[in-house]
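Novice: This is the structure I have questions about; it appears just below.
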Amino acid sequence: MRILKYILLLLILILSATCVFVYTQNGTFSVSKTKSIALQKNVIFNYINDYSNWPDFLILNAQKSEKTTKQSDITIGENAFATWNDITFTTQKSIENDSIHQTLNWNGSALNSNWNFSTENQNTNVTWIVEGTLNFKERFFKLLGLGINKTIENDMTKSLDNLNTFLITEVNKFEVTVNGIVQVPEMSYLQQKKSVVKSDFYSTITTYLSKNALFFKDYNLVMNGSPMCFFESLPSDKNEMSIKMCYPISEEIFTSPESEITFGKSQSYQAVKATLKGDYIHIDAAWKALISHCKKNNIEISNQNFHLEIYVKNYLESNKPSEWITELYLPLKISNSIPPPPPIANSTAETE
């Protein structure tokens with residue numbers, strides 16, 4: 001009996017010593033993973049900043065996360081969130097094309113998740129850092145080479161590999177078709193007037209579209225067509241320009257003079273049209289193809305400082321860039337019946 005007491009006491013001492021040892025271990029952890037991706041920084045930032053894209057690349061517990069169990073109405077930027085069962089990411093702050101700062105609830109553990117983007121040569125380095133404090137159970141498993149930090153590290157590595165594969169495939173797949181001469185109808189719309197550099201416009205277009213989709217929903221409005229943008233410049237202009245981001249409606253709506261969103265109308269006119277299927281990084285190739293077609297066929301443009309883009313299928317309808325459809329229009333001075341050339345697929349059209 002006395003031997004059993006000694007054994008029990010010894011076990012208690014061993015258990016106590018183990019607990020003390022575990023508690024004295026460093027309870028913090030930080031996992032950092034970097035992936036170099038051969039794409040522009042703004043393309044990658046915009047993709048990661050939108051939780052609706054995460055099922056395409058996110059790995060949780062060694063399995064692809066095909067759908068969220070809950071997510072915010074606006075999936076982009078500050079206060080946006082997405083939940084996969086017991087795992088929730090919430091964006092606290094995003095600095096355009098620079099960083100994304102999130103809180104991460106991982107099965108009850110409160111962690112921080114940060115994304116940083118930097119340019120190296122012609123590639124973008126995407127660095128993902130997850131850090132936090134381990135409870136007793138997690139510290140014990142850490143000593144065994146297991147636990148939350150190891151799981152997260154494996155998931156981060158696989159997620160970044162998936163991100164690279166998906167983006168390279170999706171973004172580089174595109175097709176340009178010159179459709180020829182068309183009649184652009186008269187249109188009524190709600191409009192937002194801005195001054196932007198066109199290259200910056202495409203890095204923020206997802207914000208325009210999502211916020212105004214929510215505006216239409218909040219005020220029970222119906223969009224009578226696809227979102228579009230009038231540019232007061234040449235398509236090749238790299239300087240700041242005036243734009244009107246427009247959302248078609250069927251009848252006039254009165255707004256206050258100081259409102260950011262106002263009512264507007266455009267007249268019907270003839271234009272030469274091209275269609276881009278793919279990511280907006282190929283928009284220049286589409287405009288070059290259209291302008292080259294006009295020069296080749298002696299089609300005279302009535303206003304060199306005006307062009308229109310209609311976002312027929314955008315990220316609100318698909319989170320795959322290869323499926324986006326954008327229509328491009330240049331107004332005509334003299335009409336010609338010119339048959340359209342064949343599509344340009346996965347290549348860059350050069351201006352003749």
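Here, A, B, ... name the chains of the structure tokens in the order displayed, residue numbers run from 1 inside each chain, and ligands are numbered from 1 in the same displayed order.
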Excluding A:Thr206 and its own-chain neighbours fewer than 6 positions away, which residues fall within 9 Å of it when counting only C-alpha atoms? Please give them as a PyMOL selection string.

Specialist: chain A and resi 46+50+76+314-316

Novice: Tell me which protein, DNA and RNA residues are within 7 Å of A:Ser72, counting only C-alpha atoms, leaving out same-chain ones fewer than 6 positions away, and put them as an mmCIF file with all heavy atoms, in the first residue's frame.

Specialist:
```
data_model
loop_
_atom_site.group_PDB
_atom_site.id
_atom_site.type_symbol
_atom_site.label_atom_id
_atom_site.label_comp_id
_atom_site.auth_asym_id
_atom_site.auth_seq_id
_atom_site.Cartn_x
_atom_site.Cartn_y
_atom_site.Cartn_z
ATOM 1 N N ALA A 80 -14.929 43.746 -43.329
ATOM 2 C CA ALA A 80 -15.376 42.565 -44.068
ATOM 3 C C ALA A 80 -14.908 41.318 -43.316
ATOM 4 O O ALA A 80 -13.877 41.326 -42.643
ATOM 5 C CB ALA A 80 -14.810 42.575 -45.476
ATOM 6 N N PHE A 81 -15.698 40.249 -43.404
ATOM 7 C CA PHE A 81 -15.305 39.015 -42.715
ATOM 8 C C PHE A 81 -15.811 37.799 -43.485
ATOM 9 O O PHE A 81 -16.714 37.894 -44.326
ATOM 10 C CB PHE A 81 -15.847 38.985 -41.282
ATOM 11 C CG PHE A 81 -17.350 38.837 -41.196
ATOM 12 C CD1 PHE A 81 -17.958 37.587 -41.214
ATOM 13 C CD2 PHE A 81 -18.161 39.963 -41.096
ATOM 14 C CE1 PHE A 81 -19.335 37.460 -41.142
ATOM 15 C CE2 PHE A 81 -19.548 39.851 -41.022
ATOM 16 C CZ PHE A 81 -20.139 38.589 -41.041
ATOM 17 N N ALA A 82 -15.226 36.649 -43.185
ATOM 18 C CA ALA A 82 -15.670 35.376 -43.753
ATOM 19 C C ALA A 82 -15.397 34.287 -42.731
ATOM 20 O O ALA A 82 -14.357 34.288 -42.058
ATOM 21 C CB ALA A 82 -14.955 35.078 -45.061
#
```

Novice: Let's see if you can do this: from backbone DSSP, list all helix (DSSP H, G or I) residues in stretch 17-172 of chain A, as an MDAnalysis selection string.

Specialist: chainID A and resid 17:24 41:48 51:56 136:143 148:171

Novice: Return the single residue from A:His307, A:Lys238, A:His293, A:Lys173 that is closest to A:Leu330, with distances computed using only C-alpha atoms.

Specialist: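 The shortest atom-to-atom distance to A:Leu330 comes from A:His307.
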
Novice: Do a neighbour search on A:Leu163 at 9 Å with only C-alpha atoms, toss out local chain neighbours closer than 3 positions, and write the hits as a PyMOL selection string.

Specialist: chain A and resi 37+48+54+56-58+158-160+166-168

Novice: Go ahead and write the selection's residues with all heavy atoms as a compact mmCIF listing (two decimals), in the first residue's frame.

Specialist:
```txt
# COMPACT_ATOMS: atom_id res chain seq x y z
N ILE A 37 5.09 35.96 -56.86
CA ILE A 37 4.11 35.71 -57.91
C ILE A 37 4.36 36.68 -59.07
O ILE A 37 4.52 37.88 -58.86
CB ILE A 37 2.67 35.88 -57.38
CG1 ILE A 37 2.43 34.91 -56.21
CG2 ILE A 37 1.64 35.65 -58.48
CD1 ILE A 37 1.06 35.04 -55.57
N ILE A 48 -6.77 39.23 -52.98
CA ILE A 48 -6.74 38.77 -51.59
C ILE A 48 -7.65 39.63 -50.71
O ILE A 48 -8.23 39.14 -49.73
CB ILE A 48 -5.30 38.77 -51.06
CG1 ILE A 48 -4.46 37.75 -51.84
CG2 ILE A 48 -5.25 38.47 -49.57
CD1 ILE A 48 -2.99 37.75 -51.48
N TRP A 54 -11.51 33.88 -51.67
CA TRP A 54 -10.69 32.99 -50.84
C TRP A 54 -10.96 31.50 -51.04
O TRP A 54 -10.02 30.70 -50.95
CB TRP A 54 -10.85 33.38 -49.36
CG TRP A 54 -10.03 34.58 -49.00
CD1 TRP A 54 -9.92 35.74 -49.70
CD2 TRP A 54 -9.20 34.74 -47.84
NE1 TRP A 54 -9.07 36.62 -49.07
CE2 TRP A 54 -8.62 36.03 -47.92
CE3 TRP A 54 -8.89 33.94 -46.76
CZ2 TRP A 54 -7.75 36.51 -46.95
CZ3 TRP A 54 -8.03 34.41 -45.79
CH2 TRP A 54 -7.47 35.68 -45.89
N ASP A 56 -11.11 29.95 -53.62
CA ASP A 56 -10.31 29.49 -54.74
C ASP A 56 -8.92 29.03 -54.32
O ASP A 56 -8.30 28.22 -55.01
CB ASP A 56 -10.14 30.61 -55.78
CG ASP A 56 -11.45 30.96 -56.47
OD1 ASP A 56 -12.26 30.04 -56.68
OD2 ASP A 56 -11.66 32.14 -56.78
N PHE A 57 -8.41 29.57 -53.19
CA PHE A 57 -7.03 29.23 -52.83
C PHE A 57 -6.85 28.80 -51.38
O PHE A 57 -5.84 28.15 -51.05
CB PHE A 57 -6.09 30.41 -53.12
CG PHE A 57 -6.30 31.61 -52.23
CD1 PHE A 57 -5.63 31.72 -51.02
CD2 PHE A 57 -7.16 32.64 -52.60
CE1 PHE A 57 -5.80 32.83 -50.20
CE2 PHE A 57 -7.34 33.75 -51.80
CZ PHE A 57 -6.66 33.85 -50.59
N LEU A 58 -7.77 29.14 -50.49
CA LEU A 58 -7.56 28.91 -49.06
C LEU A 58 -7.61 27.43 -48.69
O LEU A 58 -8.53 26.71 -49.07
CB LEU A 58 -8.60 29.68 -48.24
CG LEU A 58 -8.43 29.61 -46.72
CD1 LEU A 58 -7.12 30.28 -46.29
CD2 LEU A 58 -9.61 30.27 -46.01
N LYS A 158 0.39 25.80 -48.36
CA LYS A 158 -0.46 25.26 -49.43
C LYS A 158 -1.36 26.34 -50.02
O LYS A 158 -1.62 26.36 -51.23
CB LYS A 158 -1.29 24.10 -48.89
CG LYS A 158 -0.46 22.88 -48.51
CD LYS A 158 -1.31 21.79 -47.87
CE LYS A 158 -0.45 20.59 -47.46
NZ LYS A 158 -1.24 19.55 -46.78
N SER A 159 -1.86 27.26 -49.18
CA SER A 159 -2.73 28.33 -49.66
C SER A 159 -1.99 29.26 -50.60
O SER A 159 -2.52 29.66 -51.65
CB SER A 159 -3.30 29.12 -48.47
OG SER A 159 -4.15 28.33 -47.68
N LEU A 160 -0.76 29.63 -50.26
CA LEU A 160 0.03 30.51 -51.12
C LEU A 160 0.38 29.83 -52.45
O LEU A 160 0.38 30.48 -53.51
CB LEU A 160 1.29 30.97 -50.41
CG LEU A 160 1.09 31.99 -49.29
CD1 LEU A 160 2.40 32.24 -48.54
CD2 LEU A 160 0.55 33.31 -49.84
N PHE A 166 -3.59 29.59 -59.20
CA PHE A 166 -4.89 30.07 -59.66
C PHE A 166 -4.76 31.41 -60.37
O PHE A 166 -5.32 31.60 -61.46
CB PHE A 166 -5.85 30.20 -58.47
CG PHE A 166 -7.23 30.62 -58.86
CD1 PHE A 166 -8.16 29.68 -59.28
CD2 PHE A 166 -7.61 31.95 -58.84
CE1 PHE A 166 -9.44 30.06 -59.66
CE2 PHE A 166 -8.88 32.35 -59.21
CZ PHE A 166 -9.80 31.39 -59.63
N LEU A 167 -4.03 32.35 -59.77
CA LEU A 167 -3.93 33.68 -60.36
C LEU A 167 -3.22 33.67 -61.70
O LEU A 167 -3.66 34.32 -62.66
CB LEU A 167 -3.22 34.62 -59.39
CG LEU A 167 -4.06 35.18 -58.24
CD1 LEU A 167 -3.19 36.05 -57.35
CD2 LEU A 167 -5.23 36.00 -58.77
N ILE A 168 -2.12 32.95 -61.78
CA ILE A 168 -1.38 32.91 -63.04
C ILE A 168 -2.25 32.34 -64.15
O ILE A 168 -2.28 32.86 -65.28
CB ILE A 168 -0.09 32.07 -62.89
CG1 ILE A 168 0.89 32.77 -61.93
CG2 ILE A 168 0.56 31.83 -64.23
CD1 ILE A 168 1.36 34.12 -62.40
```

Novice: Report as CSV: every residue of stretch 196-301 of chain A with an atom at most 12 Å from stretch 87-111 of chain A, its closest pair of atoms, and their distance in Å to one decimal, counting only C-alpha atoms, with rows sorted by chain and ascending residue number.

Specialist:
```
residue,atom,partner,partner_atom,distance
A:Asp200,CA,A:Glu96,CA,10.4
A:Ser203,CA,A:Asn97,CA,8.5
A:Thr204,CA,A:Glu96,CA,8.9
A:Thr207,CA,A:Glu96,CA,11.4
```

Novice: Write the residues you've just listed into a file as a CSV table (one decimal), in the first residue's frame, and include N, CA, C and O atoms for each of them.

Specialist:
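Printed below is selection_30.csv as written:
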```
chain,number,residue,atom,x,y,z
A,200,ASP,N,-4.9,53.3,-62.0
A,200,ASP,CA,-5.4,53.2,-60.6
A,200,ASP,C,-6.9,52.8,-60.6
A,200,ASP,O,-7.4,52.2,-59.6
A,203,SER,N,-7.7,49.2,-60.2
A,203,SER,CA,-7.3,48.6,-58.9
A,203,SER,C,-8.4,48.9,-57.9
A,203,SER,O,-8.4,48.3,-56.8
A,204,THR,N,-9.3,49.8,-58.2
A,204,THR,CA,-10.4,50.2,-57.2
A,204,THR,C,-11.8,49.9,-57.8
A,204,THR,O,-12.7,50.2,-57.1
A,207,THR,N,-14.3,48.1,-55.6
A,207,THR,CA,-14.9,48.9,-54.6
A,207,THR,C,-16.1,49.7,-55.1
A,207,THR,O,-17.2,49.8,-54.5
```

Novice: Determine, for each residue of stretch 177-217 of chain A having at least one atom at most 6 Å from an atom of stretch 264-271 of chain A, the closest pair of atoms and their separation in Å to one decimal, counting only C-alpha atoms; order by chain and ascending number, as CSV.

Specialist:
```
residue,atom,partner,partner_atom,distance
A:Ile181,CA,A:Ala271,CA,5.7
A:Val182,CA,A:Ala271,CA,5.6
A:Gln183,CA,A:Gln270,CA,4.5
A:Val184,CA,A:Tyr269,CA,5.3
A:Pro185,CA,A:Ser268,CA,4.5
A:Glu186,CA,A:Ser268,CA,4.2
A:Met187,CA,A:Ser266,CA,5.3
A:Ser188,CA,A:Lys265,CA,4.4
A:Tyr189,CA,A:Gly264,CA,5.4
```

Novice: At what distance in Å, to one decimal, does atom CA of A:Lys198 lie from atom CA of A:Leu39?

Specialist: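 One can read the atom CA of A:Leu39 to atom CA of A:Lys198 distance as 18.3 Å.
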
Novice: Point out the residue among A:Asp279, A:Glu300, A:Asp161, A:Glu309 with the least atom-to-atom distance to A:Phe230, counting only C-alpha atoms.

Specialist: A:Glu309

Novice: Would you please work out which residue, of A:Pro235, A:Pro248, A:Pro331, A:Pro55, is nearest to A:Thr262 when using only C-alpha atoms?

Specialist: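 Smallest separation from A:Thr262 among the options: A:Pro248.
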
Novice: So the first atom is atom CA of A:Lys313 and the second is atom CA of A:Gly278; what is the distance between them in Å, to one decimal place?

Specialist: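 Pair atom CA of A:Lys313 / atom CA of A:Gly278 returns 9.8 Å.
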